[in-house]
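Below is one structure, written out as structure tokens, with a few remarks after it.
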Amino acid sequence: MLKITNLNQDFKEIKAQSRVIFVENLQIKHLDDCEILEELNFKESAYIQSSKTLYINVKTLSVDDLREASAKAIRAFKNLKFENVKFDVVGGEEEQYGILLGILCGAYSFDKYKSEKSSFALKEVFVCGVQEKLIEKANIIAQSIYLVRSLVNTIPNDATPAYLAEVAKQEALQAKIECKVLGVEELREEKMEALLAVARASSHKPCVIHLTYKHPNAKKRIVFVGKGLTYDSGGLSLKPADYMVTMKADKSGGCAVLGIILAIAKLGLEVEVHSVIGAVENMIGGNAYKPDDVLISREGKSIEVRNTDAEGRLVLADCLSYAQDLKPDYLIDLATLTGACVVGLGEYSSGIMGYNEELKSEMESLANQSGELMNKLHFNKHLKALIDSKIADVCNISSSRYGGAITAGLFLGEFIREEYKDKWLHLDIAGPAYVEREWDINSYGASGAGVRACVEFVIKKGK
Ligand code: BES
Ligand code: ZN
Ligand code: ZN
């Protein structure tokens with residue numbers, strides 16, 4: 001990761017090999033390089049060789065525009081050979097933090113499978129007048145985002161459930177938090193038969209990873225649950241070839257809840273947090289679970305399986321049951337649950353579902369403040385009726401082709417006990433978790449969706 005160093009000098013006095021300056025809405029008159037920029041017909045960004053300055057235009061000085069522009073500026077340095085740059089950090093705390101995060105996240109690239117590793121000459125970014133605590137927070141959040149992105153980007157042959165467990169254990173050790181891994185035997189004892197059914201045809205054994213962080217002054221207990229499908233082939237309801245590609249990213253929710261708890265531990269927040277990851281691979285084979293099967297979930301509810309590609313909700317049903325035994329004050333699941341959510345909200349936004357309108361709204365605004373896009377989706381009784389089953393307590397797919405994100409959320413809701421209904425939120429991150437192009441502060445592939453929003457949620461609601 002890039003090193004950000006705060007120098008208590010005026011921007012002009014900082015000695016660096018190069019510099020970045022923001023231009024507000026093409027106002028270049030007051031700039032040293034005004035004439036050259038005019039000649040170049042400056043629009044979005046321009047690097048001026050003579051002054052070693054990269055000018056980046058921002059439409060407004062809003063935190064969202066500044067964050068995105070910072071990521072863009074740093075990416076431009078991939079083609080330049082400077083080892084350090086001084087960065088014109090403008091605005092108040094919120095804007096400054098946004099810029100720092102844009103710098104750090106914009107510098108991410110994934111080259112694990114390239115024989116020639118990307119050589120990024122830039123090592124250090126100098127800023128001035130920025131509080132150390134903002135740099136620390138940005139470093140911690142970016143570190144988590146880097147970990148989540150790299151885990152999600154890792155191919156399914158490498159990133160198996162056992163691999164996720166190993167990484168979680170190592171990271172937990174470093175962050176001094178607890179990590180317990182439940183293997184197949186323990187999952188049987190826990191009666192997680194829905195999760196085990198999904199996992200059955202895979203040669204990679206499933207596990208549930210349970211991480212715990214507990215501050216001695218903790219007043220609230222927040223439990224995160226993540227869908228960790230290391231691969232989703234669809235199972236016997238096999239996905240068409242084009243839709244199967246990118247399904248290594250079906251572990252994004254699980255990876256996100258790992259990143260979230262690590263960030264919270266490193267921030268040292270006065271709260272108790274648990275992350276529960278259902279790490280499973282959904283494959284085909286002679287022993288695969290089938291459409292027509294009926295599964296008995298950990299909560300005791302029976303589930304009619306009509307489509308093995310609606311597997312995430314089966315894994316989550318059992319993990320949510322386990323999570324409620326921890327008696328949370330808030331219970332939040334993150335999952336790449338439905339294509340329907342991507343169709344409804346677009347690729348850049350996550351869906352927020354649950355029974356507590358106020359809590360949903362709070363999450364929505366905290367997420368949006370954090371720079372993540374999230375929108376509420378609303379339950380209703382007519383959609384609920386679509387997951388009724390003739391032969392079991394509930395069916396794993398809806399009888400209609402419409403409203404798939406919400407009917408999936410309603411399915412999860414069936415496994416939330418009455419006393420936790422108002423404490424639960426379901427975040428469908430299927431869109432933004434993995435996008436095959438650069439966008440905002442994210443590079444091609446995994447984004448680390450959910451980390452920023454949920455850390456802000458814990459900062460606010462964990463008190
Ligand atoms: N993992 C997928 C959802 C998904 C789709 C995530 C696209 C990211 C991008 C999930 O397990 C799935 O296959 N859902 C089905 C549900 C359907 C069978 C009711 C879907 O969305 O098509
Ligand atoms: Zn699926
Ligand atoms: Zn899936």
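Chain labels run A, B, ... following the order of the structure tokens; each chain numbers its residues from 1, and ligands are numbered from 1 in the order shown.
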
May I have the residues within 7 Å of ligand 1, computed using only C-alpha atoms and all ligand atoms, as a PDB file with N, CA, C and O atoms, in the first residue's frame?
ATOM      1  N   ASP A 232     -19.955 -20.541  -7.299  1.00  0.00           N
ATOM      2  CA  ASP A 232     -21.371 -20.848  -7.494  1.00  0.00           C
ATOM      3  C   ASP A 232     -21.585 -21.252  -8.947  1.00  0.00           C
ATOM      4  O   ASP A 232     -21.785 -20.411  -9.821  1.00  0.00           O
ATOM      5  N   GLY A 234     -24.054 -22.935  -9.767  1.00  0.00           N
ATOM      6  CA  GLY A 234     -25.513 -23.072  -9.871  1.00  0.00           C
ATOM      7  C   GLY A 234     -25.964 -24.430  -9.360  1.00  0.00           C
ATOM      8  O   GLY A 234     -27.134 -24.634  -9.078  1.00  0.00           O
ATOM      9  N   MET A 247     -18.355 -15.955 -10.984  1.00  0.00           N
ATOM     10  CA  MET A 247     -18.959 -16.501  -9.760  1.00  0.00           C
ATOM     11  C   MET A 247     -17.931 -16.861  -8.676  1.00  0.00           C
ATOM     12  O   MET A 247     -18.290 -17.310  -7.593  1.00  0.00           O
ATOM     13  N   ASP A 250     -18.729 -14.827  -5.652  1.00  0.00           N
ATOM     14  CA  ASP A 250     -19.897 -15.106  -4.810  1.00  0.00           C
ATOM     15  C   ASP A 250     -19.512 -15.254  -3.330  1.00  0.00           C
ATOM     16  O   ASP A 250     -20.361 -15.479  -2.485  1.00  0.00           O
ATOM     17  N   ASN A 307     -34.727 -24.812  -6.924  1.00  0.00           N
ATOM     18  CA  ASN A 307     -33.626 -24.367  -7.779  1.00  0.00           C
ATOM     19  C   ASN A 307     -32.341 -24.362  -6.937  1.00  0.00           C
ATOM     20  O   ASN A 307     -32.265 -23.661  -5.930  1.00  0.00           O
ATOM     21  N   ASP A 309     -29.599 -23.149  -7.682  1.00  0.00           N
ATOM     22  CA  ASP A 309     -28.818 -21.929  -7.866  1.00  0.00           C
ATOM     23  C   ASP A 309     -29.241 -20.848  -6.864  1.00  0.00           C
ATOM     24  O   ASP A 309     -28.561 -19.831  -6.715  1.00  0.00           O
ATOM     25  N   ALA A 310     -30.342 -21.067  -6.188  1.00  0.00           N
ATOM     26  CA  ALA A 310     -30.720 -20.153  -5.093  1.00  0.00           C
ATOM     27  C   ALA A 310     -30.143 -20.743  -3.811  1.00  0.00           C
ATOM     28  O   ALA A 310     -30.864 -21.088  -2.874  1.00  0.00           O
ATOM     29  N   GLU A 311     -28.809 -20.891  -3.811  1.00  0.00           N
ATOM     30  CA  GLU A 311     -28.097 -21.590  -2.731  1.00  0.00           C
ATOM     31  C   GLU A 311     -27.670 -20.665  -1.601  1.00  0.00           C
ATOM     32  O   GLU A 311     -27.564 -21.090  -0.458  1.00  0.00           O
ATOM     33  N   GLY A 312     -27.427 -19.395  -1.959  1.00  0.00           N
ATOM     34  CA  GLY A 312     -26.907 -18.453  -0.958  1.00  0.00           C
ATOM     35  C   GLY A 312     -27.848 -18.334   0.224  1.00  0.00           C
ATOM     36  O   GLY A 312     -27.436 -18.324   1.387  1.00  0.00           O
ATOM     37  N   THR A 336     -23.877 -11.574  -2.044  1.00  0.00           N
ATOM     38  CA  THR A 336     -24.133 -11.419  -3.476  1.00  0.00           C
ATOM     39  C   THR A 336     -25.300 -12.369  -3.765  1.00  0.00           C
ATOM     40  O   THR A 336     -25.108 -13.462  -4.275  1.00  0.00           O
ATOM     41  N   LEU A 337     -26.503 -11.932  -3.376  1.00  0.00           N
ATOM     42  CA  LEU A 337     -27.604 -12.893  -3.310  1.00  0.00           C
ATOM     43  C   LEU A 337     -28.382 -13.063  -4.606  1.00  0.00           C
ATOM     44  O   LEU A 337     -28.752 -14.180  -4.942  1.00  0.00           O
ATOM     45  N   THR A 338     -28.634 -11.956  -5.313  1.00  0.00           N
ATOM     46  CA  THR A 338     -29.493 -12.102  -6.504  1.00  0.00           C
ATOM     47  C   THR A 338     -29.060 -11.235  -7.694  1.00  0.00           C
ATOM     48  O   THR A 338     -28.670 -10.071  -7.530  1.00  0.00           O
ATOM     49  N   GLY A 339     -29.208 -11.811  -8.865  1.00  0.00           N
ATOM     50  CA  GLY A 339     -29.037 -11.045 -10.098  1.00  0.00           C
ATOM     51  C   GLY A 339     -30.132  -9.991 -10.186  1.00  0.00           C
ATOM     52  O   GLY A 339     -29.927  -8.910 -10.755  1.00  0.00           O
ATOM     53  N   ALA A 340     -31.281 -10.290  -9.604  1.00  0.00           N
ATOM     54  CA  ALA A 340     -32.416  -9.359  -9.661  1.00  0.00           C
ATOM     55  C   ALA A 340     -32.078  -8.020  -9.010  1.00  0.00           C
ATOM     56  O   ALA A 340     -32.554  -6.962  -9.450  1.00  0.00           O
ATOM     57  N   ILE A 397     -37.301 -20.655  -3.981  1.00  0.00           N
ATOM     58  CA  ILE A 397     -37.455 -19.638  -5.038  1.00  0.00           C
ATOM     59  C   ILE A 397     -38.893 -19.142  -5.078  1.00  0.00           C
ATOM     60  O   ILE A 397     -39.810 -19.780  -4.565  1.00  0.00           O
ATOM     61  N   SER A 398     -39.046 -18.010  -5.722  1.00  0.00           N
ATOM     62  CA  SER A 398     -40.364 -17.392  -5.837  1.00  0.00           C
ATOM     63  C   SER A 398     -41.130 -18.029  -6.998  1.00  0.00           C
ATOM     64  O   SER A 398     -40.520 -18.525  -7.945  1.00  0.00           O
ATOM     65  N   GLY A 404     -37.249 -10.508  -7.560  1.00  0.00           N
ATOM     66  CA  GLY A 404     -36.369 -11.553  -7.035  1.00  0.00           C
ATOM     67  C   GLY A 404     -35.455 -11.143  -5.885  1.00  0.00           C
ATOM     68  O   GLY A 404     -35.122 -11.968  -5.029  1.00  0.00           O
ATOM     69  N   ALA A 430     -24.750  -7.877  -4.648  1.00  0.00           N
ATOM     70  CA  ALA A 430     -24.447  -8.587  -5.905  1.00  0.00           C
ATOM     71  C   ALA A 430     -23.923  -7.658  -7.006  1.00  0.00           C
ATOM     72  O   ALA A 430     -23.094  -8.063  -7.815  1.00  0.00           O
ATOM     73  N   GLY A 431     -24.394  -6.408  -7.039  1.00  0.00           N
ATOM     74  CA  GLY A 431     -23.961  -5.484  -8.092  1.00  0.00           C
ATOM     75  C   GLY A 431     -22.540  -4.985  -7.872  1.00  0.00           C
ATOM     76  O   GLY A 431     -21.618  -5.331  -8.616  1.00  0.00           O
TER      77      GLY A 431
END

Show me, as number ranges by chain, the residues that have an atom within 7 Å of stretch 52-58 of chain A when counting only C-alpha atoms, minus same-chain residues fewer than 3 positions from it. A: 18-26, 43-49, 61, 65-66, 69, 73

Store the residues picked out above, limited to N, CA, C and O atoms, as a CSV table (one decimal), in the first residue's frame.
chain,number,residue,atom,x,y,z
A,18,SER,N,6.9,15.3,-7.7
A,18,SER,CA,5.8,15.7,-8.6
A,18,SER,C,4.6,16.2,-7.7
A,18,SER,O,4.7,16.1,-6.5
A,19,ARG,N,3.6,16.7,-8.3
A,19,ARG,CA,2.4,17.2,-7.5
A,19,ARG,C,1.1,17.0,-8.2
A,19,ARG,O,1.0,16.9,-9.4
A,20,VAL,N,0.1,17.0,-7.4
A,20,VAL,CA,-1.3,16.9,-7.9
A,20,VAL,C,-2.1,18.1,-7.4
A,20,VAL,O,-2.1,18.4,-6.2
A,21,ILE,N,-2.8,18.7,-8.3
A,21,ILE,CA,-3.6,19.9,-7.9
A,21,ILE,C,-5.0,19.7,-8.5
A,21,ILE,O,-5.2,19.3,-9.7
A,22,PHE,N,-6.0,19.9,-7.6
A,22,PHE,CA,-7.4,19.9,-8.1
A,22,PHE,C,-7.8,21.2,-8.7
A,22,PHE,O,-7.4,22.3,-8.3
A,23,VAL,N,-8.5,21.1,-9.8
A,23,VAL,CA,-9.1,22.3,-10.4
A,23,VAL,C,-10.6,22.2,-10.3
A,23,VAL,O,-11.2,21.2,-10.6
A,24,GLU,N,-11.2,23.3,-9.7
A,24,GLU,CA,-12.7,23.2,-9.5
A,24,GLU,C,-13.4,23.7,-10.8
A,24,GLU,O,-13.2,24.8,-11.2
A,25,ASN,N,-14.1,22.8,-11.4
A,25,ASN,CA,-14.9,23.1,-12.5
A,25,ASN,C,-14.3,23.9,-13.6
A,25,ASN,O,-14.8,24.9,-14.0
A,26,LEU,N,-13.1,23.5,-14.0
A,26,LEU,CA,-12.3,24.1,-15.1
A,26,LEU,C,-11.9,25.5,-14.9
A,26,LEU,O,-11.6,26.3,-15.8
A,43,LYS,N,-9.6,19.5,-20.0
A,43,LYS,CA,-11.0,19.1,-19.7
A,43,LYS,C,-11.1,18.3,-18.4
A,43,LYS,O,-11.7,18.7,-17.4
A,44,GLU,N,-10.4,17.1,-18.4
A,44,GLU,CA,-10.5,16.2,-17.2
A,44,GLU,C,-9.3,16.2,-16.4
A,44,GLU,O,-9.3,16.3,-15.2
A,45,SER,N,-8.2,15.9,-17.1
A,45,SER,CA,-6.9,15.8,-16.4
A,45,SER,C,-5.8,16.1,-17.4
A,45,SER,O,-5.9,15.9,-18.6
A,46,ALA,N,-4.7,16.7,-16.9
A,46,ALA,CA,-3.5,16.9,-17.7
A,46,ALA,C,-2.3,16.9,-16.9
A,46,ALA,O,-2.2,17.5,-15.8
A,47,TYR,N,-1.3,16.3,-17.4
A,47,TYR,CA,0.0,16.2,-16.7
A,47,TYR,C,1.0,17.2,-17.5
A,47,TYR,O,1.1,17.1,-18.7
A,48,ILE,N,1.5,18.1,-16.8
A,48,ILE,CA,2.4,19.1,-17.4
A,48,ILE,C,3.8,18.8,-17.0
A,48,ILE,O,4.2,18.9,-15.8
A,49,GLN,N,4.5,18.4,-18.0
A,49,GLN,CA,5.9,17.9,-17.9
A,49,GLN,C,6.8,19.0,-17.2
A,49,GLN,O,7.6,18.7,-16.3
A,61,LEU,N,-16.5,20.6,-5.3
A,61,LEU,CA,-15.6,20.2,-4.3
A,61,LEU,C,-16.3,19.3,-3.2
A,61,LEU,O,-15.9,19.2,-2.1
A,65,ASP,N,-17.0,13.8,-5.3
A,65,ASP,CA,-16.2,14.1,-6.5
A,65,ASP,C,-14.7,14.1,-6.2
A,65,ASP,O,-13.9,13.7,-7.0
A,66,LEU,N,-14.3,14.6,-5.0
A,66,LEU,CA,-12.9,14.6,-4.6
A,66,LEU,C,-12.3,13.2,-4.4
A,66,LEU,O,-11.2,12.9,-4.8
A,69,ALA,N,-11.9,11.7,-7.9
A,69,ALA,CA,-10.8,12.4,-8.6
A,69,ALA,C,-9.4,12.0,-8.1
A,69,ALA,O,-8.5,11.9,-8.8
A,73,ALA,N,-6.4,10.4,-10.1
A,73,ALA,CA,-5.1,11.0,-10.1
A,73,ALA,C,-4.0,10.0,-9.9
A,73,ALA,O,-3.0,9.9,-10.6

Write out as a list in words which residues come within 8 Å of A:Tyr231 when counting only C-alpha atoms, dropping same-chain ones fewer than 5 positions away. Pro156, Met247, Lys248, Ala249, Asp250, Lys251, Val280, Glu281, Asn282 and Met283 of chain A

If you keep N, CA and C atoms, can you produce a file of those selected residues as a CSV table (one decimal), in the first residue's frame?
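Writing the result to again30.csv gives the following:
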chain,number,residue,atom,x,y,z
A,156,PRO,N,-11.2,-19.6,-7.8
A,156,PRO,CA,-11.9,-20.6,-7.0
A,156,PRO,C,-11.0,-21.8,-6.7
A,247,MET,N,-18.4,-16.0,-11.0
A,247,MET,CA,-19.0,-16.5,-9.8
A,247,MET,C,-17.9,-16.9,-8.7
A,248,LYS,N,-16.6,-16.6,-8.9
A,248,LYS,CA,-15.7,-16.7,-7.9
A,248,LYS,C,-16.0,-15.5,-6.9
A,249,ALA,N,-16.7,-14.5,-7.4
A,249,ALA,CA,-17.0,-13.4,-6.5
A,249,ALA,C,-18.2,-13.6,-5.6
A,250,ASP,N,-18.7,-14.8,-5.7
A,250,ASP,CA,-19.9,-15.1,-4.8
A,250,ASP,C,-19.5,-15.3,-3.3
A,251,LYS,N,-18.2,-15.1,-3.1
A,251,LYS,CA,-17.7,-15.1,-1.7
A,251,LYS,C,-17.6,-13.7,-1.1
A,280,VAL,N,-18.6,-22.1,1.4
A,280,VAL,CA,-19.1,-23.3,0.8
A,280,VAL,C,-18.9,-23.2,-0.7
A,281,GLU,N,-18.8,-24.3,-1.4
A,281,GLU,CA,-18.8,-24.3,-2.9
A,281,GLU,C,-20.0,-25.1,-3.4
A,282,ASN,N,-20.7,-24.5,-4.4
A,282,ASN,CA,-21.9,-25.0,-5.0
A,282,ASN,C,-21.6,-25.7,-6.3
A,283,MET,N,-21.5,-27.0,-6.3
A,283,MET,CA,-21.1,-27.8,-7.5
A,283,MET,C,-22.1,-28.9,-7.9

Just how far from atom CA of A:Val257 is atom CA of A:Ala194, in Å to one decimal?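 For atom CA of A:Ala194 relative to atom CA of A:Val257, the distance reads 21.0 Å.
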
Please indicate the distance in Å from atom CA of A:Glu270 to atom CA of A:Gly462, rounded to one decimal place. 7.4 Å

Contacts of stretch 116-122 of chain A at 12 Å (only C-alpha atoms; same-chain gap of 4+ positions) as a ChimeraX atom specification: /A:1-4,16-19,73-86,103-104,107-112,126

Between atom CA of A:Cys395 and atom CA of A:Glu304, distance in Å (one decimal): 4.6 Å

With DSSP run on the backbone, what are the alpha helix (DSSP H) residues within stretch 292-356 of chain A? I'd like them as a PyMOL selection string. chain A and resi 312-324+339-345

Could you dump the residues just selected with C-alpha atoms as a short mmCIF file (atom, residue, chain, number, x, y, z; two decimals), in the first residue's frame?
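Contents of out04.cif, as written:
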data_model
loop_
_atom_site.label_atom_id
_atom_site.label_comp_id
_atom_site.auth_asym_id
_atom_site.auth_seq_id
_atom_site.Cartn_x
_atom_site.Cartn_y
_atom_site.Cartn_z
CA GLY A 312 -26.91 -18.45 -0.96
CA ARG A 313 -30.14 -18.12 0.98
CA LEU A 314 -29.83 -21.73 2.17
CA VAL A 315 -26.32 -21.15 3.48
CA LEU A 316 -27.37 -17.85 5.05
CA ALA A 317 -30.50 -19.33 6.66
CA ASP A 318 -28.31 -21.61 8.77
CA CYS A 319 -25.66 -18.97 9.43
CA LEU A 320 -28.32 -16.44 10.49
CA SER A 321 -29.72 -19.04 12.86
CA TYR A 322 -26.27 -19.57 14.40
CA ALA A 323 -25.78 -15.79 14.56
CA GLN A 324 -29.02 -15.23 16.51
CA GLY A 339 -29.04 -11.04 -10.10
CA ALA A 340 -32.42 -9.36 -9.66
CA CYS A 341 -30.87 -6.81 -7.30
CA VAL A 342 -28.37 -5.86 -10.01
CA VAL A 343 -31.17 -5.57 -12.57
CA GLY A 344 -33.20 -3.39 -10.21
CA LEU A 345 -30.56 -1.04 -8.83
#

Closest of A:Asn356, A:Ser349, A:Gln170, A:Ser389 to A:Glu372 - atom-to-atom distances counting only C-alpha atoms: A:Ser349
